[in-house]
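Undergrad: Next comes the structure file model.txt, holding compact mmCIF, C-alpha atoms and all ligand atoms.
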```txt
# COMPACT_ATOMS: atom_id res chain seq x y z
CA MET A 1 -3.79 47.15 171.70
CA GLN A 2 -7.33 48.15 170.95
CA GLU A 3 -7.27 51.72 169.71
CA ARG A 4 -8.58 54.39 172.12
CA ASP A 5 -12.20 55.19 171.26
CA PRO A 6 -14.20 57.53 173.54
CA LEU A 7 -17.59 56.21 172.42
CA ALA A 8 -16.64 52.53 172.85
CA GLU A 9 -15.02 53.37 176.19
CA GLN A 10 -18.20 55.07 177.42
CA TRP A 11 -20.15 51.87 176.81
CA ASN A 12 -17.66 49.12 177.54
CA GLY A 13 -14.93 50.54 179.74
CA LYS A 14 -11.58 52.24 179.54
CA ARG A 15 -8.83 51.12 177.20
CA LEU A 16 -5.19 51.65 178.13
CA GLY A 17 -4.09 52.34 174.57
CA VAL A 18 -0.51 52.20 173.38
CA GLU A 19 0.78 54.91 175.71
CA GLY A 20 -1.10 53.56 178.73
CA VAL A 21 0.28 50.08 178.22
CA LYS A 22 3.87 51.34 178.08
CA LYS A 23 3.35 53.49 181.16
CA GLU A 24 1.15 51.26 183.33
CA LEU A 25 2.34 47.79 182.36
CA GLY A 26 5.97 48.54 181.58
CA PHE A 27 6.11 47.20 178.03
CA ASP A 28 8.83 48.77 175.87
CA MET A 29 7.00 48.15 172.63
CA ALA A 30 3.28 48.34 172.00
CA PHE A 31 1.23 48.70 168.82
CA ASN A 32 -2.37 49.31 167.97
CA GLY A 33 -3.98 46.25 166.38
CA SER A 34 -3.94 47.75 162.89
CA GLU A 35 -0.25 48.73 163.12
CA PHE A 36 0.64 45.28 164.46
CA MET A 37 -1.34 43.59 161.72
CA ASN A 38 0.49 45.58 159.06
CA LEU A 39 3.99 45.12 160.50
CA ASN A 40 6.17 43.75 157.81
CA ILE A 41 7.61 40.60 159.36
CA ASP A 42 9.37 38.08 157.16
CA PHE A 43 8.52 34.85 158.93
CA THR A 44 10.54 32.81 156.45
CA SER A 45 13.73 34.33 157.85
CA PHE A 46 13.29 32.50 161.19
CA ASP A 47 14.42 28.94 161.98
CA LYS A 48 11.17 28.33 163.78
CA VAL A 49 7.89 30.15 164.14
CA SER A 50 6.37 28.94 167.39
CA PHE A 51 2.73 29.35 168.33
CA PHE A 52 -0.12 27.61 170.09
CA ASP A 53 -2.25 26.12 167.36
CA PHE A 54 -5.55 27.83 166.71
CA ASN A 55 -8.90 26.40 167.77
CA ASN A 56 -10.67 28.45 165.10
CA ASP A 57 -13.10 29.63 167.76
CA VAL A 58 -12.54 33.39 167.41
CA ARG A 59 -15.26 35.29 165.58
CA ASP A 60 -14.88 38.34 163.41
CA LYS A 61 -16.35 41.21 165.39
CA ARG A 62 -16.63 44.82 164.42
CA GLY A 63 -13.32 46.53 163.74
CA ASP A 64 -10.73 45.59 161.20
CA ALA A 65 -7.85 44.72 163.53
CA ASP A 66 -9.42 42.56 166.21
CA LEU A 67 -8.08 39.18 167.30
CA PHE A 68 -9.76 37.44 164.37
CA ASP A 69 -8.00 39.74 161.90
CA LEU A 70 -4.64 39.40 163.68
CA ILE A 71 -4.85 35.62 163.49
CA ARG A 72 -5.79 35.79 159.84
CA SER A 73 -2.91 38.11 159.02
CA PHE A 74 -0.46 35.91 160.96
CA LYS A 75 -1.62 32.86 159.03
CA ILE A 76 -1.06 34.63 155.73
CA LYS A 77 2.34 36.02 156.68
CA ALA A 78 3.59 32.76 158.20
CA GLU A 79 2.22 30.70 155.28
CA TYR A 80 0.14 28.58 157.64
CA PRO A 81 -1.27 25.75 155.49
CA ALA A 82 -5.07 25.48 155.36
CA ASP A 83 -4.82 21.81 156.38
CA TYR A 84 -2.34 22.40 159.25
CA SER A 85 -2.82 20.04 162.18
CA ALA A 86 -0.76 20.22 165.36
CA THR A 87 -1.26 16.50 166.02
CA LYS A 88 -0.12 15.66 162.49
CA GLN A 89 3.01 17.76 162.99
CA GLN A 90 3.71 16.01 166.31
CA LEU A 91 3.33 12.59 164.74
CA TYR A 92 5.60 13.57 161.84
CA THR A 93 8.21 14.75 164.35
CA ARG A 94 7.84 11.47 166.21
CA ILE A 95 8.46 9.51 163.00
CA GLN A 96 11.39 11.73 162.09
CA SER A 97 13.15 11.17 165.41
CA THR A 98 12.61 7.42 165.71
CA ASP A 99 15.42 4.96 164.99
CA VAL A 100 14.99 1.72 163.07
CA GLU A 101 14.70 -0.48 166.17
CA ASN A 102 11.80 1.55 167.51
CA SER A 103 10.01 2.25 164.26
CA ALA A 104 7.59 -0.70 164.61
CA ASN A 105 6.58 0.55 168.09
CA VAL A 106 6.03 4.05 166.79
CA ALA A 107 3.88 2.62 163.98
CA GLN A 108 1.76 0.92 166.64
CA THR A 109 1.43 4.16 168.62
CA LEU A 110 0.27 5.93 165.45
CA GLY A 111 -2.62 3.49 165.30
CA ARG A 112 -3.97 4.87 168.55
CA TYR A 113 -4.25 8.33 166.99
CA LEU A 114 -5.26 7.39 163.47
CA ASN A 115 -8.04 5.01 164.50
CA TYR A 116 -9.79 7.82 166.37
CA ASP A 117 -9.31 10.56 163.81
CA ALA A 118 -10.51 10.01 160.27
CA LYS A 119 -8.73 13.17 159.06
CA LEU A 120 -5.36 11.92 160.27
CA LYS A 121 -6.03 8.55 158.70
CA GLU A 122 -6.45 10.26 155.34
CA ASP A 123 -2.82 11.40 155.52
CA GLU A 124 -0.89 9.09 153.21
CA LEU A 125 2.42 9.30 155.06
CA LEU A 126 0.92 8.58 158.48
CA SER A 127 -1.27 5.75 157.20
CA GLY A 128 1.63 4.41 155.16
CA PHE A 129 3.92 4.35 158.18
CA MET A 130 1.29 2.70 160.36
CA ASN A 131 0.59 -0.06 157.82
CA ALA A 132 4.17 -0.56 156.59
CA LYS A 133 5.22 -4.21 156.40
CA ASP A 134 8.90 -3.76 157.21
CA ASP A 135 11.65 -1.39 158.34
CA ALA A 136 12.70 -0.59 154.77
CA ILE A 137 9.28 0.86 153.89
CA ARG A 138 9.21 2.75 157.20
CA SER A 139 12.67 4.26 156.46
CA GLU A 140 11.48 5.39 153.05
CA ILE A 141 8.44 7.11 154.56
CA LYS A 142 10.61 8.63 157.26
CA GLN A 143 12.62 10.44 154.58
CA LYS A 144 9.47 11.79 152.99
CA VAL A 145 8.25 12.95 156.40
CA SER A 146 11.53 14.82 156.97
CA LEU A 147 11.11 16.62 153.66
CA LYS A 148 7.54 17.53 154.59
CA LEU A 149 8.68 18.93 157.94
CA LYS A 150 11.32 21.01 156.19
CA ALA A 151 8.67 22.51 153.92
CA ASN A 152 7.76 25.04 156.58
CA ASN A 153 9.22 26.45 159.80
CA LEU A 154 6.02 26.20 161.85
CA ASP A 155 6.17 24.71 165.32
CA SER A 156 3.16 24.27 167.57
CA SER A 157 4.69 22.14 170.31
CA MET A 158 7.68 24.12 171.58
CA ILE A 159 5.72 26.88 173.33
CA SER A 160 3.62 24.30 175.11
CA GLU A 161 6.77 22.55 176.37
CA ILE A 162 8.34 25.83 177.47
CA MET A 163 5.14 26.81 179.28
CA SER A 164 5.05 23.46 181.09
CA THR A 165 8.56 24.04 182.39
CA LEU A 166 7.91 27.68 183.30
CA ARG A 167 4.58 27.08 185.00
CA GLU A 168 5.54 24.00 186.99
CA THR A 169 7.73 25.96 189.44
CA LYS A 170 6.68 29.26 190.90
CA THR A 171 8.70 32.45 191.39
CA GLU A 172 8.61 34.34 194.69
CA GLU A 173 6.27 36.92 193.17
CA GLU A 174 3.89 34.24 191.96
CA MET A 175 3.90 32.56 195.37
CA VAL A 176 2.69 35.77 197.04
CA LEU A 177 -0.42 35.74 194.86
CA LEU A 178 -1.01 32.00 194.94
CA LYS A 179 -0.66 31.85 198.73
CA LYS A 180 -3.16 34.65 199.06
CA ALA A 181 -5.67 32.86 196.81
CA VAL A 182 -5.30 29.71 198.91
CA GLU A 183 -5.54 31.52 202.24
CA ILE A 184 -8.68 33.34 201.13
CA SER A 185 -10.23 30.02 200.12
CA ALA A 186 -9.33 28.46 203.48
CA VAL A 187 -11.01 31.35 205.31
CA GLY A 188 -14.09 30.75 203.13
CA GLN A 189 -14.21 27.14 204.37
CA VAL A 190 -13.89 28.24 208.01
CA GLU A 191 -16.67 30.83 207.70
CA VAL A 192 -18.95 28.26 206.08
CA MET A 193 -18.19 25.75 208.84
CA LYS A 194 -19.40 28.34 211.36
CA ALA A 195 -22.48 29.32 209.34
CA MET A 196 -23.59 25.84 208.22
CA HIS A 197 -26.92 24.38 209.29
CA PRO A 198 -29.24 21.74 207.79
CA ASN A 199 -31.71 24.27 206.38
CA MET A 200 -29.14 25.85 204.12
CA SER A 201 -29.26 25.26 200.38
CA GLU A 202 -26.27 24.28 198.30
CA THR A 203 -26.36 27.55 196.40
CA GLU A 204 -26.50 29.57 199.65
CA ILE A 205 -23.41 27.74 200.90
CA GLN A 206 -21.68 28.52 197.61
CA GLY A 207 -22.66 32.17 198.07
CA VAL A 208 -21.02 32.36 201.50
CA HIS A 209 -17.69 31.05 200.17
CA GLU A 210 -17.81 33.41 197.22
CA TYR A 211 -18.75 36.39 199.37
CA VAL A 212 -15.64 35.80 201.46
CA TYR A 213 -13.55 35.71 198.26
CA LYS A 214 -14.97 39.02 197.08
CA LYS A 215 -14.54 40.60 200.50
CA TYR A 216 -10.79 39.90 200.14
CA GLY A 217 -10.71 41.31 196.64
CA ALA A 218 -10.50 38.05 194.70
CA GLU A 219 -11.80 38.82 191.22
CA TYR A 220 -13.28 35.45 190.29
CA GLU A 221 -13.73 31.83 191.26
CA GLY A 222 -10.88 29.75 189.85
CA TYR A 223 -13.36 27.19 188.47
CA PRO A 224 -17.10 26.51 188.79
CA SER A 225 -17.87 26.01 192.48
CA ILE A 226 -18.90 22.52 193.60
CA VAL A 227 -21.22 22.17 196.61
CA GLY A 228 -22.81 18.73 196.88
CA GLY A 229 -24.93 17.54 199.80
CA GLY A 230 -25.14 13.76 200.39
CA ASN A 231 -25.38 11.76 197.18
CA ASN A 232 -24.70 14.89 195.09
CA GLY A 233 -21.15 14.79 196.44
CA CYS A 234 -20.64 11.56 194.46
CA ILE A 235 -20.84 13.51 191.19
CA LEU A 236 -17.26 14.66 190.76
CA HIS A 237 -17.96 17.82 188.80
CA TYR A 238 -21.36 18.62 190.35
CA ILE A 239 -21.92 22.32 189.65
CA GLU A 240 -25.74 22.57 189.67
CA ASN A 241 -25.65 23.19 193.44
CA ASN A 242 -29.45 23.28 193.48
CA LYS A 243 -30.53 21.13 196.44
CA THR A 244 -32.66 23.43 198.56
CA GLN A 245 -31.84 21.87 201.96
CA VAL A 246 -28.71 19.90 202.75
CA GLY A 247 -30.37 18.22 205.76
CA ASN A 248 -28.24 15.91 207.90
CA ASP A 249 -25.91 14.82 205.12
CA LEU A 250 -22.27 15.48 204.56
CA VAL A 251 -21.65 18.49 202.34
CA LEU A 252 -18.71 18.30 199.95
CA MET A 253 -17.43 21.78 199.09
CA ASP A 254 -14.77 22.15 196.39
CA LEU A 255 -14.17 25.85 195.75
CA GLY A 256 -11.22 28.11 195.04
CA ALA A 257 -10.72 31.85 194.84
CA GLU A 258 -8.88 33.34 191.89
CA TYR A 259 -6.71 36.20 193.09
CA HIS A 260 -4.89 38.36 190.53
CA GLY A 261 -4.84 35.44 188.09
CA TYR A 262 -3.79 32.66 190.47
CA THR A 263 -6.27 30.06 191.63
CA ALA A 264 -6.69 27.98 194.75
CA ASP A 265 -8.41 24.57 194.83
CA VAL A 266 -9.58 23.55 198.29
CA THR A 267 -12.14 20.93 199.32
CA ARG A 268 -13.66 20.29 202.70
CA THR A 269 -16.41 17.83 203.53
CA ILE A 270 -18.42 18.59 206.64
CA PRO A 271 -21.60 17.30 208.33
CA ALA A 272 -24.38 19.87 207.86
CA ASN A 273 -25.65 19.30 211.40
CA GLY A 274 -22.21 19.77 212.97
CA LYS A 275 -21.54 16.13 213.99
CA PHE A 276 -20.16 13.26 211.88
CA SER A 277 -22.23 10.06 212.16
CA PRO A 278 -20.17 6.91 212.93
CA GLU A 279 -20.34 5.79 209.25
CA GLN A 280 -19.45 9.25 207.93
CA LYS A 281 -16.51 9.42 210.34
CA GLN A 282 -15.20 5.98 209.35
CA ILE A 283 -15.12 6.95 205.67
CA TYR A 284 -13.78 10.43 206.44
CA ASP A 285 -10.89 9.08 208.49
CA ILE A 286 -9.77 6.78 205.67
CA VAL A 287 -9.68 9.76 203.28
CA TYR A 288 -7.85 11.80 205.90
CA ASP A 289 -5.20 9.11 206.38
CA ALA A 290 -4.89 8.75 202.60
CA GLN A 291 -4.36 12.48 202.26
CA GLU A 292 -1.76 12.51 205.03
CA ALA A 293 0.13 9.73 203.20
CA GLY A 294 -0.18 11.64 199.90
CA ILE A 295 1.10 14.89 201.40
CA LYS A 296 4.03 13.09 203.03
CA ALA A 297 4.97 11.63 199.64
CA SER A 298 5.09 15.10 198.01
CA THR A 299 8.83 15.63 198.25
CA VAL A 300 11.52 16.96 195.93
CA GLY A 301 12.70 14.22 193.57
CA ALA A 302 9.68 11.93 194.08
CA PRO A 303 7.83 10.92 190.91
CA PHE A 304 4.67 12.87 190.10
CA GLN A 305 2.64 9.72 190.83
CA ALA A 306 4.00 9.35 194.40
CA PRO A 307 1.13 11.06 196.27
CA GLY A 308 -1.41 9.14 194.19
CA SER A 309 0.19 5.76 194.90
CA ALA A 310 0.43 6.51 198.62
CA SER A 311 -3.18 7.71 198.88
CA SER A 312 -4.62 4.88 196.77
CA GLU A 313 -2.97 2.27 198.93
CA VAL A 314 -4.48 3.70 202.13
CA ILE A 315 -7.94 3.95 200.55
CA ALA A 316 -7.86 0.38 199.25
CA GLU A 317 -6.81 -0.96 202.67
CA GLY A 318 -9.44 1.10 204.47
CA LEU A 319 -12.27 0.03 202.16
CA MET A 320 -11.25 -3.62 202.49
CA LYS A 321 -11.20 -3.31 206.29
CA LEU A 322 -14.77 -1.96 206.27
CA GLY A 323 -15.88 -4.78 203.93
CA ILE A 324 -16.89 -2.32 201.21
CA ILE A 325 -14.55 -4.01 198.72
CA LYS A 326 -12.86 -7.42 198.70
CA GLU A 327 -9.76 -6.72 196.61
CA ALA A 328 -7.55 -3.64 196.35
CA LYS A 329 -8.23 -3.27 192.63
CA GLU A 330 -11.93 -2.58 193.34
CA ALA A 331 -10.98 0.65 195.14
CA ARG A 332 -11.09 2.47 191.80
CA THR A 333 -14.91 2.12 191.88
CA TYR A 334 -15.06 4.42 194.91
CA PHE A 335 -11.97 6.55 194.22
CA PRO A 336 -12.15 7.09 190.47
CA HIS A 337 -9.99 10.21 190.00
CA GLY A 338 -6.35 11.22 190.23
CA THR A 339 -4.91 12.52 193.50
CA SER A 340 -2.84 15.46 192.30
CA HIS A 341 -2.50 18.15 189.68
CA TYR A 342 -0.37 21.24 189.35
CA LEU A 343 -1.91 24.49 190.52
CA GLY A 344 -1.21 28.10 189.55
CA LEU A 345 -2.52 30.29 186.77
CA ASP A 346 -4.97 27.52 185.98
CA VAL A 347 -6.67 25.15 188.39
CA HIS A 348 -5.24 22.23 186.42
CA ASP A 349 -1.99 23.96 185.62
CA LYS A 350 0.65 22.91 183.15
CA GLY A 351 3.76 21.01 184.16
CA THR A 352 6.22 18.42 182.92
CA TYR A 353 5.06 15.51 185.11
CA GLY A 354 8.72 14.80 185.84
CA PRO A 355 10.08 14.24 189.38
CA PHE A 356 8.93 16.94 191.82
CA GLN A 357 10.99 20.12 192.02
CA ALA A 358 11.13 22.71 194.80
CA ASN A 359 8.63 25.59 194.45
CA THR A 360 6.02 23.44 192.73
CA VAL A 361 2.44 23.64 194.00
CA ILE A 362 0.17 20.63 193.64
CA THR A 363 -3.13 19.51 195.09
CA VAL A 364 -3.44 16.35 197.16
CA GLU A 365 -7.08 15.34 196.99
CA PRO A 366 -8.08 11.76 197.68
CA GLY A 367 -11.76 10.91 198.00
CA ILE A 368 -14.26 8.13 198.57
CA TYR A 369 -17.66 8.32 196.85
CA ILE A 370 -20.36 5.73 197.57
CA PRO A 371 -23.43 6.53 195.45
CA GLU A 372 -26.85 5.19 196.37
CA GLY A 373 -27.32 1.69 194.94
CA SER A 374 -23.63 0.76 195.30
CA ASP A 375 -22.71 -2.89 195.76
CA CYS A 376 -22.12 -2.61 199.52
CA ASP A 377 -24.06 -2.30 202.78
CA LYS A 378 -26.78 0.38 202.47
CA LYS A 379 -25.46 2.20 205.51
CA TRP A 380 -22.63 3.60 203.36
CA TRP A 381 -24.85 4.86 200.55
CA GLY A 382 -24.79 8.57 199.83
CA ILE A 383 -21.51 9.17 201.65
CA ALA A 384 -19.04 11.20 199.61
CA VAL A 385 -15.84 12.62 201.05
CA ARG A 386 -13.02 14.51 199.39
CA ILE A 387 -10.34 16.45 201.24
CA GLU A 388 -8.19 18.65 199.04
CA ASP A 389 -5.26 20.81 200.04
CA ASP A 390 -2.76 22.90 198.12
CA ILE A 391 0.76 21.73 198.82
CA LEU A 392 3.97 23.65 198.21
CA ILE A 393 6.89 21.30 197.61
CA THR A 394 10.11 22.59 199.16
CA ASP A 395 13.61 21.32 199.89
CA ASN A 396 12.50 21.05 203.50
CA GLY A 397 9.43 18.97 202.73
CA PRO A 398 5.79 19.67 201.86
CA VAL A 399 4.02 22.78 203.17
CA ASN A 400 0.24 22.77 203.37
CA LEU A 401 -0.83 26.21 202.13
CA SER A 402 -4.51 25.59 202.94
CA ALA A 403 -3.92 24.40 206.51
CA GLY A 404 -6.00 27.36 207.74
CA ALA A 405 -9.11 25.26 207.03
CA PRO A 406 -9.40 22.47 209.62
CA ARG A 407 -9.20 18.91 208.33
CA THR A 408 -9.68 16.46 211.21
CA THR A 409 -13.23 15.52 212.23
CA GLU A 410 -12.56 16.86 215.75
CA ALA A 411 -11.27 20.23 214.52
CA ILE A 412 -14.15 20.59 212.04
CA GLU A 413 -16.77 19.82 214.72
CA ALA A 414 -15.12 22.34 217.06
CA VAL A 415 -15.21 25.15 214.45
CA MET A 416 -18.81 24.31 213.54
CA LYS A 417 -19.79 25.05 217.15
CA GLN A 418 -18.51 28.62 216.85
CA PRO A 419 -21.00 31.40 216.14
CA SER A 420 -21.19 33.00 212.72
CA PRO A 421 -22.07 36.60 211.84
CA LEU A 422 -24.57 35.04 209.44
CA ASP A 423 -26.57 33.62 212.39
CA ASP A 424 -28.05 37.10 212.75
CA PHE A 425 -28.39 37.81 209.04
CA VAL A 426 -32.13 37.41 208.63
CA LEU A 427 -33.78 38.60 205.44
CA PRO A 428 -37.52 39.46 205.11
CA ASN A 429 -39.71 36.48 204.28
CA LEU A 430 -40.92 36.85 200.68
CA ASP A 431 -43.39 33.93 200.61
N1 LIG B 501 -11.87 21.47 191.53
C1 LIG B 501 -11.36 20.66 190.51
C2 LIG B 501 -10.37 19.72 191.02
O1 LIG B 501 -10.33 19.45 192.19
O2 LIG B 501 -9.53 19.25 190.32
MN MN B 502 -8.13 19.71 192.35
MN MN B 503 -11.00 20.82 193.66
```
What is this file in structure tokens?
Ligand code: GLY
Ligand code: MN
Ligand code: MN
TA:
Amino acid sequence: MQERDPLAEQWNGKRLGVEGVKKELGFDMAFNGSEFMNLNIDFTSFDKVSFFDFNNDVRDKRGDADLFDLIRSFKIKAEYPADYSATKQQLYTRIQSTDVENSANVAQTLGRYLNYDAKLKEDELLSGFMNAKDDAIRSEIKQKVSLKLKANNLDSSMISEIMSTLRETKTEEEMVLLKKAVEISAVGQVEVMKAMHPNMSETEIQGVHEYVYKKYGAEYEGYPSIVGGGNNGCILHYIENNKTQVGNDLVLMDLGAEYHGYTADVTRTIPANGKFSPEQKQIYDIVYDAQEAGIKASTVGAPFQAPGSASSEVIAEGLMKLGIIKEAKEARTYFPHGTSHYLGLDVHDKGTYGPFQANTVITVEPGIYIPEGSDCDKKWWGIAVRIEDDILITDNGPVNLSAGAPRTTEAIEAVMKQPSPLDDFVLPNLD
């Protein structure tokens, strides 16, 4: 803990201190930074010392027991080598665990890492293994690698693996918070549907979503908000949100509230003037059908790729039917991203990518993006549609947690006809 300090607390806010942490957060053991730094721990007495490797991006601030100092003292106590590299350790472990039959394949895999990283290439054992002419040389290097691994007890991969397993499935307590984050975000979409009109700016639309989040007590946005009118929607991570009038285009809105640490990730695409044009609707309905297929494929035991395969197939067929592409493989041009990721503490949460388990939450988010100048009829240019929902996988099938925000063109148009409290929110003209 940071030590209590009345002057620092007056400027920068209260600190819980050791006693506060025990009382408020329920920890049995808590230390001030300086005490923790000076704890006499013999790291050599452990089989393994597991940690996330350091990015060396923490600066030394004032105080002699801040995070920078704690990292430095850990490195000294755990005998962390100056040239430690998590990737190097992983590759050593890979070499150590390979059998003779597979050693040539592993050598080939090493090439993929070494050819992109000059530092790794400098490592004699890794380079030696990659360039070895036969199994005998590879076996010899393997022994040397084993010795090198035994030289310390540091492990920077185990925690990551444990976290992937822990974070993939959610506990009941986590689901309460995650559901709330998603429901808040769905309400944000509904309120924007009511308030939307062609004179609005992208940033104003963003503000309405985020106001709803705050009104419900969500502390942050889970990731930078994306609001793209027309062609801007084709930029997947468009966060400038600076078009001053969305006009008669579709508006793609990918935003998520973060509530008590858990983040939602919900996208709706709606016509700013309240009515889908025939072309907008044709593209929208393909994405909708693709999403339906993806959600249906999100079942316990299915491979992680199942929603993506199902959605991609529908999009390829739909684009071929409209004459936008000739062959299924061209669909990637207009649907260039993945369909699903885990969701939870992070918007792109950790997971094992194994077959789906109950109590996992993923997104299902197919899209079609046709930027101006695309190799197809001009009437499609500037249409960008993504529909993204947060899906809880259960033993009884998928549950759409963000269903509160309408998804069909009919339901969206109906909500857009409803009045909004913002219709009467007129500010003084400052021109
Ligand atoms: N909002 C980021 C994503 O959809 O993955
Ligand atoms: Mn997403
Ligand atoms: Mn998203």
Undergrad: Could you tell me how far atom CA of Asn55 of chain A lies from atom CA of His237 of chain A, in Å and to one decimal?
TA: 24.5 Å
Undergrad: Name the residues, by chain letter and number, that sit within 6 Å of ligand MN 503 (chain B) using all atoms listed in the file, and give them as a short mmCIF file (atom, residue, chain, number, x, y, z; two decimals) with C-alpha atoms, keeping the file's coordinate frame.
TA:
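What landed in selection_8.cif:
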```cif
data_model
loop_
_atom_site.label_atom_id
_atom_site.label_comp_id
_atom_site.auth_asym_id
_atom_site.auth_seq_id
_atom_site.Cartn_x
_atom_site.Cartn_y
_atom_site.Cartn_z
CA ASP A 254 -14.77 22.15 196.39
CA ASP A 265 -8.41 24.57 194.83
CA VAL A 266 -9.58 23.55 198.29
CA THR A 267 -12.14 20.93 199.32
#
```
Undergrad: Within 10 Å of Phe356 of chain A, counting only C-alpha atoms, which residues qualify if same-chain residues fewer than 4 places away don't, as an mmCIF file with C-alpha atoms, in the coordinates of the input?
TA:
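Result file follows (selection_37.cif):
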```cif
data_model
loop_
_atom_site.group_PDB
_atom_site.id
_atom_site.type_symbol
_atom_site.label_atom_id
_atom_site.label_comp_id
_atom_site.auth_asym_id
_atom_site.auth_seq_id
_atom_site.Cartn_x
_atom_site.Cartn_y
_atom_site.Cartn_z
ATOM 1 C CA GLU A 168 5.540 24.000 186.990
ATOM 2 C CA THR A 169 7.730 25.960 189.440
ATOM 3 C CA SER A 298 5.090 15.100 198.010
ATOM 4 C CA THR A 299 8.830 15.630 198.250
ATOM 5 C CA VAL A 300 11.520 16.960 195.930
ATOM 6 C CA GLY A 301 12.700 14.220 193.570
ATOM 7 C CA ALA A 302 9.680 11.930 194.080
ATOM 8 C CA PRO A 303 7.830 10.920 190.910
ATOM 9 C CA PHE A 304 4.670 12.870 190.100
ATOM 10 C CA GLN A 305 2.640 9.720 190.830
ATOM 11 C CA ALA A 306 4.000 9.350 194.400
ATOM 12 C CA THR A 352 6.220 18.420 182.920
ATOM 13 C CA THR A 360 6.020 23.440 192.730
ATOM 14 C CA VAL A 361 2.440 23.640 194.000
ATOM 15 C CA ILE A 362 0.170 20.630 193.640
ATOM 16 C CA ILE A 393 6.890 21.300 197.610
ATOM 17 C CA THR A 394 10.110 22.590 199.160
#
```
Undergrad: Which residues are near ligand MN 502 (chain B) - at most 8 Å, using all atoms listed in the file? Format: as a list in words.
TA: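 Written in the requested form, the residues are Asp265, Val266, Thr339, Ser340, His341, Val347, His348, Thr363, Val364, Glu365 and Glu388 of chain A.
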Undergrad: Contacts of Asp99 of chain A at 10 Å or less, counting all atoms listed in the file, minus same-chain residues fewer than 6 places along, as a list of chain:residue names?
TA: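 The residues satisfying every condition are A:Val106, A:Asp135, A:Ser139, A:Lys142.
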Undergrad: Quick one: of A:Met416, A:Pro398, A:Leu319, A:Thr263, who's nearest to ligand LIG 501 (chain B), counting only C-alpha atoms and all ligand atoms?
TA: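 Among the listed residues, A:Thr263 lies closest to ligand LIG 501 (chain B).
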Undergrad: Of the candidates A:Ile387, A:Ala181, A:Ile412, A:Val212, which shows the shortest atom-to-atom distance to ligand LIG 501 (chain B), using all atoms listed in the file?
TA: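 The shortest atom-to-atom distance to ligand LIG 501 (chain B) comes from A:Ile387.
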Undergrad: Find the distance between atom CA of Gly344 of chain A and atom CA of Tyr223 of chain A and write it in Å to one decimal.
TA: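 Atom CA of Tyr223 of chain A lies at a distance of 12.2 Å from atom CA of Gly344 of chain A.
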Undergrad: What is the atom CA of Lys148 of chain A to atom CA of Asn115 of chain A distance in Å?
TA: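 Result for atom CA of Lys148 of chain A versus atom CA of Asn115 of chain A: 22.3 Å, one decimal.
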Undergrad: Any chance you could work out the axis-aligned box around ligand LIG 501 (chain B), listed atoms only, 6 Å on each side, giving centre and edge lengths in Å to one decimal, as lines of an AutoDock Vina configuration file?
TA:
```
center_x = -10.7
center_y = 20.4
center_z = 191.3
size_x = 14.3
size_y = 14.2
size_z = 13.9
```
Undergrad: Given the point (-1.2, 44.4, 160.4) in the coordinates of this file, which residues lie within 12 Å, counting all atoms listed in the file, and how would they look as a PyMOL selection string?
TA: chain A and resi 1+31-41+64-77
Undergrad: Of the candidates A:Gln189, A:Gln418, A:Gln96, A:Asn153, which shows the shortest atom-to-atom distance to Phe129 of chain A, using all atoms listed in the file?
TA: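 Of A:Gln189, A:Gln418, A:Gln96, A:Asn153, the one nearest Phe129 of chain A, counting all atoms listed in the file, is A:Gln96.
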Undergrad: Compare A:Asp289, A:Glu221, A:Asp395, A:Glu279 by their minimum atom-to-atom distance to ligand LIG 501 (chain B), counting all atoms listed in the file, and give me the closest one.
TA: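 Residue with the minimum atom-to-atom distance to ligand LIG 501 (chain B): A:Glu221.
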Undergrad: Counting all atoms listed in the file, figure out which residue out of A:Val18, A:Ala264, A:Ala297, A:Ala195 gets nearest to ligand LIG 501 (chain B).
TA: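 Closest candidate: A:Ala264.
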Undergrad: Which is closer to ligand LIG 501 (chain B) than all the others in A:Val100, A:Val58, A:Ala132, A:Met253, using all atoms listed in the file?
TA: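 Distance minimum relative to ligand LIG 501 (chain B) lands on A:Met253.
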Undergrad: Got a sec: who's within 12 Å of Thr269 of chain A, counting only C-alpha atoms, leaving out chain neighbours fewer than 2 positions off, as an MDAnalysis selection string?
TA: chainID A and resid 189:190 192:193 196 226:230 233:234 249:255 266:267 271:272 274:276 280:281 283:285 287:288 365:369 383:388 405:409 412:413
Undergrad: If we count all atoms listed in the file and set the cut-off at 6 Å, which residues sit around Ser311 of chain A, ignoring sequence neighbours fewer than 2 positions away in its own chain? Please answer as a list in words.
TA: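 Contacts, in chain order: Ala290, Gln291, Ala293, Gly294, Gly308, Ser309, Glu313 and Val314 of chain A.
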Undergrad: Excluding same-chain residues fewer than 5 positions from Lys133 of chain A, what lies within 10 Å of it counting only C-alpha atoms, as an NGL selection string?
TA: :A and (104 or 128 or 138)
Undergrad: Would you list the residues near (-16.2, -3.2, 200.4), meaning any protein, DNA or RNA residue with an atom at most 12 Å from that point in file coordinates, counting only C-alpha atoms, as number ranges by chain?
TA: A: 283, 315-334, 368, 370, 374-381
